[in-house]
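Source file: upload-v7.cif; contents: mmCIF, C-alpha atoms and all ligand atoms.
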```
data_target
#
loop_
_atom_site.group_PDB
_atom_site.id
_atom_site.type_symbol
_atom_site.label_atom_id
_atom_site.label_comp_id
_atom_site.auth_asym_id
_atom_site.auth_seq_id
_atom_site.Cartn_x
_atom_site.Cartn_y
_atom_site.Cartn_z
ATOM 1 C CA MET A 1 -73.367 -6.521 16.815
ATOM 2 C CA LEU A 2 -70.901 -6.207 19.670
ATOM 3 C CA GLU A 3 -72.391 -4.895 22.878
ATOM 4 C CA ARG A 4 -70.935 -1.840 24.570
ATOM 5 C CA PHE A 5 -70.035 -1.524 28.246
ATOM 6 C CA VAL A 6 -68.982 1.774 29.845
ATOM 7 C CA VAL A 7 -67.160 2.014 33.182
ATOM 8 C CA ILE A 8 -66.661 5.373 34.926
ATOM 9 C CA GLY A 9 -63.618 5.602 37.213
ATOM 10 C CA ALA A 10 -60.430 3.623 36.586
ATOM 11 C CA GLY A 11 -59.482 2.989 40.212
ATOM 12 C CA THR A 12 -59.203 -0.396 41.896
ATOM 13 C CA MET A 13 -62.748 -1.430 40.991
ATOM 14 C CA GLY A 14 -63.424 0.352 37.695
ATOM 15 C CA ALA A 15 -60.259 -1.071 36.152
ATOM 16 C CA GLY A 16 -61.195 -4.561 37.381
ATOM 17 C CA ILE A 17 -64.744 -4.303 35.992
ATOM 18 C CA ALA A 18 -63.400 -3.080 32.629
ATOM 19 C CA TYR A 19 -61.026 -6.066 32.563
ATOM 20 C CA VAL A 20 -63.739 -8.696 33.024
ATOM 21 C CA ALA A 21 -66.143 -6.920 30.653
ATOM 22 C CA ALA A 22 -63.553 -6.734 27.835
ATOM 23 C CA GLY A 23 -62.584 -10.346 28.576
ATOM 24 C CA ALA A 24 -66.256 -11.338 28.200
ATOM 25 C CA GLY A 25 -66.482 -9.814 24.720
ATOM 26 C CA TYR A 26 -67.965 -6.388 25.436
ATOM 27 C CA VAL A 27 -66.489 -3.329 23.721
ATOM 28 C CA VAL A 28 -65.476 -1.260 26.737
ATOM 29 C CA ASP A 29 -64.988 2.461 27.323
ATOM 30 C CA LEU A 30 -63.132 3.108 30.592
ATOM 31 C CA VAL A 31 -63.617 6.755 31.613
ATOM 32 C CA GLU A 32 -61.113 8.354 34.005
ATOM 33 C CA LEU A 33 -60.720 12.101 34.618
ATOM 34 C CA ASP A 34 -57.227 11.820 36.110
ATOM 35 C CA ALA A 35 -54.976 11.200 33.078
ATOM 36 C CA GLU A 36 -52.110 9.746 35.102
ATOM 37 C CA ARG A 37 -54.390 7.295 36.926
ATOM 38 C CA GLY A 38 -55.991 6.361 33.635
ATOM 39 C CA ARG A 39 -52.642 5.559 32.032
ATOM 40 C CA ALA A 40 -51.538 3.575 35.083
ATOM 41 C CA ALA A 41 -54.815 1.603 35.064
ATOM 42 C CA LEU A 42 -54.485 0.765 31.367
ATOM 43 C CA ALA A 43 -50.855 -0.334 31.801
ATOM 44 C CA GLY A 44 -51.906 -2.459 34.796
ATOM 45 C CA LEU A 45 -54.684 -4.140 32.781
ATOM 46 C CA HIS A 46 -52.373 -4.898 29.862
ATOM 47 C CA ALA A 47 -49.897 -6.419 32.337
ATOM 48 C CA LEU A 48 -52.729 -8.525 33.796
ATOM 49 C CA TRP A 49 -53.624 -9.882 30.343
ATOM 50 C CA ASP A 50 -49.935 -10.595 29.657
ATOM 51 C CA LYS A 51 -49.715 -12.465 32.965
ATOM 52 C CA ALA A 52 -52.825 -14.515 32.068
ATOM 53 C CA VAL A 53 -51.127 -15.511 28.793
ATOM 54 C CA ALA A 54 -47.858 -16.363 30.575
ATOM 55 C CA ARG A 55 -49.810 -18.604 32.969
ATOM 56 C CA GLY A 56 -51.618 -20.342 30.116
ATOM 57 C CA LYS A 57 -55.062 -19.036 31.159
ATOM 58 C CA LEU A 58 -55.569 -17.190 27.850
ATOM 59 C CA ASP A 59 -53.978 -17.555 24.460
ATOM 60 C CA ALA A 60 -52.151 -14.578 22.966
ATOM 61 C CA ALA A 61 -54.887 -13.885 20.384
ATOM 62 C CA GLN A 62 -57.624 -13.764 23.079
ATOM 63 C CA ALA A 63 -55.561 -11.357 25.172
ATOM 64 C CA ALA A 64 -54.806 -9.167 22.135
ATOM 65 C CA SER A 65 -58.482 -8.917 21.176
ATOM 66 C CA ALA A 66 -59.516 -8.157 24.777
ATOM 67 C CA LYS A 67 -56.924 -5.333 24.814
ATOM 68 C CA ASP A 68 -58.319 -4.043 21.495
ATOM 69 C CA ARG A 69 -61.850 -3.986 22.876
ATOM 70 C CA LEU A 70 -60.860 -1.675 25.761
ATOM 71 C CA THR A 71 -60.438 2.080 25.219
ATOM 72 C CA LEU A 72 -59.448 4.612 27.858
ATOM 73 C CA ARG A 73 -61.427 7.891 27.695
ATOM 74 C CA GLY A 74 -60.632 11.161 29.447
ATOM 75 C CA SER A 75 -64.254 12.282 29.631
ATOM 76 C CA LEU A 76 -67.808 11.012 29.258
ATOM 77 C CA ARG A 77 -68.146 13.389 26.299
ATOM 78 C CA GLU A 78 -65.917 11.019 24.277
ATOM 79 C CA VAL A 79 -68.351 8.102 24.760
ATOM 80 C CA SER A 80 -71.056 7.269 22.177
ATOM 81 C CA PRO A 81 -74.646 7.203 23.456
ATOM 82 C CA GLU A 82 -76.840 4.184 24.186
ATOM 83 C CA PRO A 83 -74.374 1.633 25.525
ATOM 84 C CA ASP A 84 -75.841 -1.668 26.769
ATOM 85 C CA VAL A 85 -74.398 -1.338 30.265
ATOM 86 C CA LEU A 86 -72.895 1.590 32.165
ATOM 87 C CA VAL A 87 -71.358 1.116 35.629
ATOM 88 C CA GLU A 88 -70.065 3.986 37.722
ATOM 89 C CA ALA A 89 -67.135 3.165 40.030
ATOM 90 C CA VAL A 90 -66.126 6.603 41.339
ATOM 91 C CA PRO A 91 -65.362 7.146 45.067
ATOM 92 C CA GLU A 92 -68.025 6.400 47.676
ATOM 93 C CA LYS A 93 -69.332 9.995 48.001
ATOM 94 C CA LEU A 94 -73.078 10.506 47.629
ATOM 95 C CA GLU A 95 -72.981 13.880 45.838
ATOM 96 C CA LEU A 96 -70.177 12.849 43.471
ATOM 97 C CA LYS A 97 -71.999 9.644 42.551
ATOM 98 C CA ARG A 98 -75.278 11.520 41.983
ATOM 99 C CA GLN A 99 -73.546 13.994 39.636
ATOM 100 C CA VAL A 100 -71.721 11.267 37.738
ATOM 101 C CA LEU A 101 -74.890 9.166 37.400
ATOM 102 C CA GLU A 102 -76.906 12.132 36.138
ATOM 103 C CA ALA A 103 -74.289 12.801 33.452
ATOM 104 C CA ALA A 104 -74.150 9.067 32.661
ATOM 105 C CA ALA A 105 -77.964 8.849 32.330
ATOM 106 C CA ALA A 106 -77.785 11.438 29.525
ATOM 107 C CA LEU A 107 -76.087 8.705 27.421
ATOM 108 C CA ARG A 108 -79.305 6.635 27.785
ATOM 109 C CA PRO A 109 -77.670 3.295 28.676
ATOM 110 C CA ARG A 110 -79.981 0.237 28.593
ATOM 111 C CA LEU A 111 -78.788 -0.654 32.093
ATOM 112 C CA LEU A 112 -77.350 1.998 34.435
ATOM 113 C CA ALA A 113 -75.555 0.719 37.528
ATOM 114 C CA SER A 114 -73.560 1.853 40.512
ATOM 115 C CA ASN A 115 -70.758 -0.178 42.071
ATOM 116 C CA THR A 116 -71.457 1.493 45.422
ATOM 117 C CA SER A 117 -70.563 -0.689 48.403
ATOM 118 C CA SER A 118 -72.936 0.937 50.835
ATOM 119 C CA ILE A 119 -75.161 3.764 49.560
ATOM 120 C CA ALA A 120 -78.819 2.864 49.032
ATOM 121 C CA ILE A 121 -79.669 2.703 45.344
ATOM 122 C CA GLY A 122 -82.864 4.657 46.036
ATOM 123 C CA SER A 123 -80.927 7.669 47.269
ATOM 124 C CA LEU A 124 -78.645 7.601 44.208
ATOM 125 C CA ALA A 125 -81.682 7.413 41.919
ATOM 126 C CA ALA A 126 -83.123 10.702 43.224
ATOM 127 C CA ASN A 127 -82.513 12.794 40.068
ATOM 128 C CA LEU A 128 -82.374 10.102 37.412
ATOM 129 C CA PRO A 129 -84.758 10.453 34.442
ATOM 130 C CA GLU A 130 -85.258 6.656 34.191
ATOM 131 C CA PRO A 131 -84.824 5.081 37.638
ATOM 132 C CA ALA A 132 -86.456 1.883 36.293
ATOM 133 C CA SER A 133 -83.254 0.998 34.415
ATOM 134 C CA PHE A 134 -81.002 1.701 37.425
ATOM 135 C CA LEU A 135 -79.676 -0.729 40.047
ATOM 136 C CA GLY A 136 -76.581 -1.696 42.012
ATOM 137 C CA LEU A 137 -73.946 -3.993 40.532
ATOM 138 C CA HIS A 138 -71.614 -4.526 43.479
ATOM 139 C CA PHE A 139 -68.418 -6.246 42.350
ATOM 140 C CA PHE A 140 -65.677 -7.486 44.682
ATOM 141 C CA ASN A 141 -61.946 -6.939 44.703
ATOM 142 C CA PRO A 142 -60.030 -8.277 42.791
ATOM 143 C CA VAL A 143 -62.849 -8.355 40.255
ATOM 144 C CA PHE A 144 -61.276 -10.992 37.981
ATOM 145 C CA ALA A 145 -60.943 -13.438 40.897
ATOM 146 C CA MET A 146 -64.015 -12.833 43.060
ATOM 147 C CA PRO A 147 -67.066 -14.828 41.970
ATOM 148 C CA LEU A 148 -69.787 -12.796 43.704
ATOM 149 C CA LEU A 149 -71.866 -10.075 42.066
ATOM 150 C CA GLU A 150 -74.348 -8.465 44.458
ATOM 151 C CA ILE A 151 -77.278 -7.101 42.455
ATOM 152 C CA VAL A 152 -79.115 -4.420 44.416
ATOM 153 C CA VAL A 153 -82.681 -3.867 43.301
ATOM 154 C CA GLY A 154 -84.247 -0.544 44.256
ATOM 155 C CA ASP A 155 -87.978 0.174 44.727
ATOM 156 C CA GLN A 156 -88.124 1.711 41.260
ATOM 157 C CA THR A 157 -85.945 -0.846 39.441
ATOM 158 C CA SER A 158 -87.881 -2.667 36.707
ATOM 159 C CA ASP A 159 -88.077 -6.453 36.313
ATOM 160 C CA GLU A 160 -86.452 -6.003 32.912
ATOM 161 C CA ALA A 161 -83.416 -4.254 34.454
ATOM 162 C CA ARG A 162 -83.133 -7.005 37.066
ATOM 163 C CA ALA A 163 -83.242 -9.679 34.352
ATOM 164 C CA HIS A 164 -80.660 -7.786 32.305
ATOM 165 C CA ALA A 165 -78.370 -7.571 35.362
ATOM 166 C CA LEU A 166 -78.639 -11.344 35.863
ATOM 167 C CA ASP A 167 -77.681 -11.799 32.192
ATOM 168 C CA VAL A 168 -74.685 -9.517 32.621
ATOM 169 C CA ALA A 169 -73.611 -11.504 35.700
ATOM 170 C CA GLY A 170 -73.748 -14.754 33.708
ATOM 171 C CA ARG A 171 -71.848 -13.275 30.827
ATOM 172 C CA LEU A 172 -69.096 -11.967 33.129
ATOM 173 C CA GLY A 173 -68.848 -15.379 34.809
ATOM 174 C CA LYS A 174 -70.124 -14.079 38.151
ATOM 175 C CA ASP A 175 -72.380 -15.822 40.642
ATOM 176 C CA PRO A 176 -75.061 -13.308 41.688
ATOM 177 C CA VAL A 177 -77.156 -12.657 44.759
ATOM 178 C CA VAL A 178 -80.127 -10.315 44.400
ATOM 179 C CA VAL A 179 -80.759 -8.166 47.461
ATOM 180 C CA ARG A 180 -83.292 -5.589 48.562
ATOM 181 C CA ASP A 181 -82.066 -2.018 48.645
ATOM 182 C CA MET A 182 -80.847 -1.087 52.137
ATOM 183 C CA PRO A 183 -77.550 0.679 52.961
ATOM 184 C CA GLY A 184 -74.663 -1.816 53.030
ATOM 185 C CA PHE A 185 -76.793 -4.511 51.308
ATOM 186 C CA ALA A 186 -75.971 -8.109 52.329
ATOM 187 C CA THR A 187 -72.178 -7.875 52.181
ATOM 188 C CA SER A 188 -70.760 -4.547 53.391
ATOM 189 C CA ARG A 189 -73.130 -4.312 56.354
ATOM 190 C CA LEU A 190 -71.670 -7.499 57.838
ATOM 191 C CA GLY A 191 -68.144 -7.326 56.449
ATOM 192 C CA VAL A 192 -67.484 -3.725 57.467
ATOM 193 C CA MET A 193 -68.838 -4.334 60.968
ATOM 194 C CA LEU A 194 -66.268 -7.106 61.393
ATOM 195 C CA GLY A 195 -63.478 -4.875 60.080
ATOM 196 C CA LEU A 196 -64.427 -1.968 62.368
ATOM 197 C CA GLU A 197 -64.558 -4.231 65.415
ATOM 198 C CA ALA A 198 -61.121 -5.660 64.547
ATOM 199 C CA ILE A 199 -59.735 -2.087 64.452
ATOM 200 C CA ARG A 200 -61.334 -1.329 67.847
ATOM 201 C CA MET A 201 -59.723 -4.521 69.198
ATOM 202 C CA LEU A 202 -56.351 -3.290 67.927
ATOM 203 C CA GLU A 203 -56.985 0.033 69.713
ATOM 204 C CA ASP A 204 -57.824 -1.899 72.904
ATOM 205 C CA GLY A 205 -54.548 -3.868 72.633
ATOM 206 C CA VAL A 206 -56.333 -7.234 72.474
ATOM 207 C CA ALA A 207 -53.706 -8.630 70.085
ATOM 208 C CA SER A 208 -51.456 -7.562 67.210
ATOM 209 C CA ALA A 209 -52.926 -7.015 63.734
ATOM 210 C CA ALA A 210 -51.232 -10.212 62.581
ATOM 211 C CA ASP A 211 -52.737 -12.224 65.442
ATOM 212 C CA ILE A 212 -56.259 -10.782 65.070
ATOM 213 C CA ASP A 213 -56.152 -11.805 61.406
ATOM 214 C CA LYS A 214 -54.633 -15.204 62.238
ATOM 215 C CA ALA A 215 -57.360 -15.837 64.836
ATOM 216 C CA MET A 216 -60.128 -15.361 62.260
ATOM 217 C CA LYS A 217 -58.323 -17.356 59.579
ATOM 218 C CA LEU A 218 -57.494 -20.361 61.714
ATOM 219 C CA GLY A 219 -60.394 -20.187 64.160
ATOM 220 C CA TYR A 220 -63.229 -19.240 61.799
ATOM 221 C CA LYS A 221 -61.860 -20.391 58.444
ATOM 222 C CA HIS A 222 -61.927 -16.891 56.942
ATOM 223 C CA PRO A 223 -59.643 -16.891 53.884
ATOM 224 C CA MET A 224 -58.325 -13.477 54.905
ATOM 225 C CA GLY A 225 -58.322 -11.682 58.261
ATOM 226 C CA PRO A 226 -60.525 -8.579 58.743
ATOM 227 C CA LEU A 227 -57.537 -6.172 58.963
ATOM 228 C CA GLU A 228 -55.817 -7.655 55.937
ATOM 229 C CA LEU A 229 -59.101 -7.362 54.041
ATOM 230 C CA THR A 230 -59.437 -3.717 55.131
ATOM 231 C CA ASP A 231 -55.937 -3.142 53.684
ATOM 232 C CA VAL A 232 -56.914 -4.796 50.406
ATOM 233 C CA VAL A 233 -60.161 -2.821 50.084
ATOM 234 C CA GLY A 234 -58.512 0.489 51.060
ATOM 235 C CA LEU A 235 -58.845 2.218 54.442
ATOM 236 C CA ASP A 236 -60.273 5.327 52.756
ATOM 237 C CA VAL A 237 -62.948 3.251 51.021
ATOM 238 C CA ARG A 238 -63.862 1.520 54.299
ATOM 239 C CA LEU A 239 -64.004 4.866 56.140
ATOM 240 C CA ASP A 240 -66.461 6.247 53.575
ATOM 241 C CA ILE A 241 -68.599 3.119 53.907
ATOM 242 C CA ALA A 242 -68.526 3.289 57.722
ATOM 243 C CA ARG A 243 -69.751 6.893 57.591
ATOM 244 C CA THR A 244 -72.592 5.989 55.215
ATOM 245 C CA LEU A 245 -73.640 3.091 57.462
ATOM 246 C CA GLN A 246 -73.305 5.226 60.618
ATOM 247 C CA ALA A 247 -75.730 7.739 59.068
ATOM 248 C CA ALA A 248 -78.142 4.896 58.251
ATOM 249 C CA TYR A 249 -77.897 2.622 61.332
ATOM 250 C CA GLY A 250 -76.334 4.715 64.095
ATOM 251 C CA ASP A 251 -73.122 4.627 66.080
ATOM 252 C CA ARG A 252 -72.570 0.906 65.919
ATOM 253 C CA PHE A 253 -70.899 1.809 62.608
ATOM 254 C CA ALA A 254 -68.961 4.840 63.987
ATOM 255 C CA PRO A 255 -65.454 4.705 62.488
ATOM 256 C CA PRO A 256 -62.741 4.027 65.113
ATOM 257 C CA GLU A 257 -60.279 6.879 65.733
ATOM 258 C CA LEU A 258 -57.395 4.731 64.520
ATOM 259 C CA LEU A 259 -59.044 4.327 61.104
ATOM 260 C CA VAL A 260 -59.670 8.081 60.792
ATOM 261 C CA LYS A 261 -56.052 8.807 61.812
ATOM 262 C CA MET A 262 -54.512 6.300 59.392
ATOM 263 C CA VAL A 263 -56.561 7.668 56.480
ATOM 264 C CA ALA A 264 -55.499 11.245 57.374
ATOM 265 C CA GLU A 265 -51.880 10.062 57.344
ATOM 266 C CA GLY A 266 -52.294 8.454 53.913
ATOM 267 C CA ARG A 267 -51.791 4.899 55.234
ATOM 268 C CA LEU A 268 -54.512 3.484 53.017
ATOM 269 C CA GLY A 269 -53.480 -0.174 52.903
ATOM 270 C CA LYS A 270 -52.230 -2.212 49.957
ATOM 271 C CA LYS A 271 -52.510 0.628 47.441
ATOM 272 C CA THR A 272 -50.082 2.859 49.398
ATOM 273 C CA GLY A 273 -47.885 0.009 50.665
ATOM 274 C CA GLU A 274 -48.855 0.505 54.307
ATOM 275 C CA GLY A 275 -51.975 -0.094 56.343
ATOM 276 C CA PHE A 276 -52.457 -2.538 59.199
ATOM 277 C CA HIS A 277 -49.776 -4.577 57.440
ATOM 278 C CA THR A 278 -46.900 -3.647 55.123
ATOM 279 C CA TRP A 279 -47.365 -4.467 51.434
ATOM 280 C CA PRO A 280 -44.516 -4.784 48.936
ATOM 281 C CA ALA A 281 -45.004 -2.871 45.636
ATOM 282 C CA SER A 282 -46.670 -5.232 43.141
HETATM 283 N N1 LIG B 301 -62.031 -1.060 46.837
HETATM 284 C C1 LIG B 301 -62.858 -2.085 46.990
HETATM 285 O O1 LIG B 301 -62.465 -3.179 47.419
HETATM 286 C C2 LIG B 301 -64.305 -1.947 46.605
HETATM 287 C C3 LIG B 301 -65.085 -3.111 46.512
HETATM 288 C C4 LIG B 301 -66.407 -3.020 46.072
HETATM 289 C C5 LIG B 301 -66.942 -1.769 45.759
HETATM 290 N N2 LIG B 301 -66.166 -0.641 45.903
HETATM 291 C C6 LIG B 301 -66.790 0.641 45.546
HETATM 292 O O2 LIG B 301 -66.350 0.966 44.223
HETATM 293 C C7 LIG B 301 -66.275 2.400 44.101
HETATM 294 C C8 LIG B 301 -64.872 2.782 43.670
HETATM 295 O O3 LIG B 301 -63.954 2.320 44.641
HETATM 296 P P1 LIG B 301 -62.394 2.156 44.305
HETATM 297 O O4 LIG B 301 -61.797 1.414 45.428
HETATM 298 O O5 LIG B 301 -62.230 1.672 42.895
HETATM 299 O O6 LIG B 301 -61.941 3.708 44.380
HETATM 300 P P2 LIG B 301 -60.629 4.386 43.789
HETATM 301 O O7 LIG B 301 -60.416 5.618 44.580
HETATM 302 O O8 LIG B 301 -59.537 3.368 43.630
HETATM 303 O O9 LIG B 301 -61.073 4.800 42.288
HETATM 304 C C9 LIG B 301 -62.005 5.787 41.970
HETATM 305 C C10 LIG B 301 -61.588 6.410 40.623
HETATM 306 O O10 LIG B 301 -62.629 7.262 40.147
HETATM 307 C C11 LIG B 301 -62.009 8.372 39.525
HETATM 308 N N3 LIG B 301 -62.982 9.447 39.396
HETATM 309 C C12 LIG B 301 -63.422 10.300 40.360
HETATM 310 N N4 LIG B 301 -64.357 11.120 39.834
HETATM 311 C C13 LIG B 301 -64.507 10.757 38.522
HETATM 312 C C14 LIG B 301 -65.344 11.222 37.460
HETATM 313 N N5 LIG B 301 -66.207 12.223 37.644
HETATM 314 N N6 LIG B 301 -65.230 10.619 36.256
HETATM 315 C C15 LIG B 301 -64.339 9.618 36.032
HETATM 316 N N7 LIG B 301 -63.524 9.146 37.028
HETATM 317 C C16 LIG B 301 -63.621 9.705 38.239
HETATM 318 C C17 LIG B 301 -60.826 8.681 40.425
HETATM 319 O O11 LIG B 301 -59.848 9.498 39.757
HETATM 320 C C18 LIG B 301 -60.316 7.263 40.727
HETATM 321 O O12 LIG B 301 -59.373 6.829 39.768
HETATM 322 C C19 LIG B 301 -66.705 2.972 45.440
HETATM 323 O O13 LIG B 301 -68.070 3.253 45.392
HETATM 324 C C20 LIG B 301 -66.408 1.833 46.401
HETATM 325 O O14 LIG B 301 -67.187 1.897 47.567
HETATM 326 C C21 LIG B 301 -64.872 -0.710 46.289
#
```
Could you write out this file's structure as structure tokens?
Ligand SMILES: NC(=O)c1ccc[n+]([C@@H]2O[C@H](COP(=O)([O-])OP(=O)(O)OC[C@H]3O[C@@H](n4cnc5c(N)ncnc54)[C@H](O)[C@@H]3O)[C@@H](O)[C@H]2O)c1
Amino acid sequence: MLERFVVIGAGTMGAGIAYVAAGAGYVVDLVELDAERGRAALAGLHALWDKAVARGKLDAAQAASAKDRLTLRGSLREVSPEPDVLVEAVPEKLELKRQVLEAAAALRPRLLASNTSSIAIGSLAANLPEPASFLGLHFFNPVFAMPLLEIVVGDQTSDEARAHALDVAGRLGKDPVVVRDMPGFATSRLGVMLGLEAIRMLEDGVASAADIDKAMKLGYKHPMGPLELTDVVGLDVRLDIARTLQAAYGDRFAPPELLVKMVAEGRLGKKTGEGFHTWPAS
């Protein structure tokens, strides 16, 4: 029998997770409350499959069956119970994630996961009926291209859930790391610190955004500079993460004023066309 995979939130990450899950043979429900965003995400995913065919990475029949396996849903009420995997990918807000996860748990998924980039799994598990089947599945953007899957194991996560998560990683073609549950895990804690410091350096007039990025690419062999990466992730997403990490570790993660100002002005990076760099519409 085909296994079922549910993704909640069809933003940058949810859409990407749905794409790799459908590509790996799961029957996928992608749940998005905002109908316009949902339609845009579905159109974007179909275009991605068409592009993969045009580039010879998939044949037309594989792309057509992956498209058939993916269904957009306007509400969790439209989803059948007991899926194999359920991943929430709604914005990085503790209360919102708790509410969404509680509603998701009522479907009794075998594995319940959050794609949070920074919030401790333990604090998301607070009201869950079965915290043993809950953990973090932290994917990276763009999901189809990034090999890492960070599996975050909470104090209450069972060995069975951990093993299932490793299976899911293999099936999706991801290379996992398993980390202990602490805010920011192994990736965001380091990566966001670098991004925040780059923004403070821009505020201090150390160099232009382009040169700060160039310095890290050419001097440290980073494939992408920290400001460019902040644009790709989304300044709003990074601001939320910085606030979560500030609450956990103190003011070394305090968001720079420039970041707060740019988010207030709607300059969110690649998704709005402007951030630390200018991005053409894709
Ligand atoms: N952007 C990145 O590079 C990145 C990388 C790794 C992890 N993350 C994490 O993934 C999560 C999502 O980030 P994103 O960048 O995709 O955000 P996003 O803002 O692009 O997408 C979030 C989506 O969730 C939808 N949503 C909100 N409430 C909902 C609900 N109750 N039910 C269904 N849909 C709902 C929104 O309408 C939106 O479409 C966050 O926790 C973020 O920290 C982001």
- Task: Go through the shown structure with the PyMOL selection byres (((not hetatm)) within 6 of (chain B and resi 301)) and write out the matching residues as a PyMOL selection string.
- Result: chain A and resi 8-14+31-34+37+89-92+100+115-117+138-141+233-234+237
- Name the residues in contact with region 273-276 of chain A at a cut-off of 12 Å, using only C-alpha atoms, excluding same-chain residues fewer than 2 positions from it; report them as a PyMOL selection string. chain A and resi 195+198-199+202-203+208-213+225-236+258-259+261-271+278-282
- Please work out which residues fall within 9 Å of (-66.9, -3.3, 62.5), coordinates as given in the file, with only C-alpha atoms counting, and return them as a PyMOL selection string. chain A and resi 189-200+242+252-256
- Task: Just the residues within 12 Å of Ala61 (chain A), please, counting only C-alpha atoms, with nothing from its chain fewer than 3 positions along; format it as a list in words.
- Result: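 In the requested form, the answer reads Gly23, Trp49, Asp50, Ala52, Val53, Lys57, Leu58, Ala64, Ser65, Ala66, Lys67 and Asp68 of chain A.
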- Between A:Ser158, A:Thr272, A:Ser188, A:Ser133, which one has atoms that come closest to Asp84 (chain A), using all atoms listed in the file? A:Ser133
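The two atoms in question, CA of Glu160 (chain A) and CA of Arg180 (chain A), are spaced 16.0 Å apart.
Note that the spacing between CA of Ser80 (chain A) and CA of Leu30 (chain A) amounts to 12.3 Å.
Evaluating the PyMOL selection byres (((chain A and resi 248) around 10) and not hetatm) against the shown model yields Ser118, Ile119, Ala120, Met182, Pro183, Gly184, Ala242, Arg243, Thr244, Leu245, Gln246, Ala247, Tyr249, Gly250, Asp251 and Phe253 of chain A.
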- In Å, rounded to a single decimal, give me how far CA of Ala35 (chain A) is from CA of Val168 (chain A).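 Separation between CA of Val168 (chain A) and CA of Ala35 (chain A): 28.6 Å.
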- Could you state which residues are captured by the PyMOL selection byres (((chain A and resi 104) around 10) and not hetatm) in this file, as a list of chain:residue names? A:Val6, A:Val7, A:Ile8, A:Leu76, A:Arg77, A:Val79, A:Pro81, A:Leu86, A:Val87, A:Glu88, A:Arg98, A:Gln99, A:Val100, A:Leu101, A:Glu102, A:Ala103, A:Ala105, A:Ala106, A:Leu107, A:Arg108, A:Pro109, A:Leu112, A:Ala113, A:Leu128
- Of A:Gly25, A:Leu137, A:Gly74, A:Glu95, the one sitting nearest Gln62 (chain A) when using all atoms listed in the file is A:Gly25
- Can you work out which one of A:Lys97, A:Ala15, A:Ala215, A:Val20 has the shortest atom-to-atom distance to Lys174 (chain A), counting all atoms listed in the file? A:Val20
- Closest of A:Asn127, A:Gly122, A:Ala145, A:Ser114 to Ala165 (chain A) - atom-to-atom distances counting only C-alpha atoms: A:Ser114
- Message: Need the shell around Asp159 (chain A): protein/DNA/RNA residues with any atom at most 12 Å away, counting all atoms listed in the file. Skip same-chain ones fewer than 6 positions apart. Format as a PyMOL selection string?
- Response: chain A and resi 111+132-135+153+165-166+178
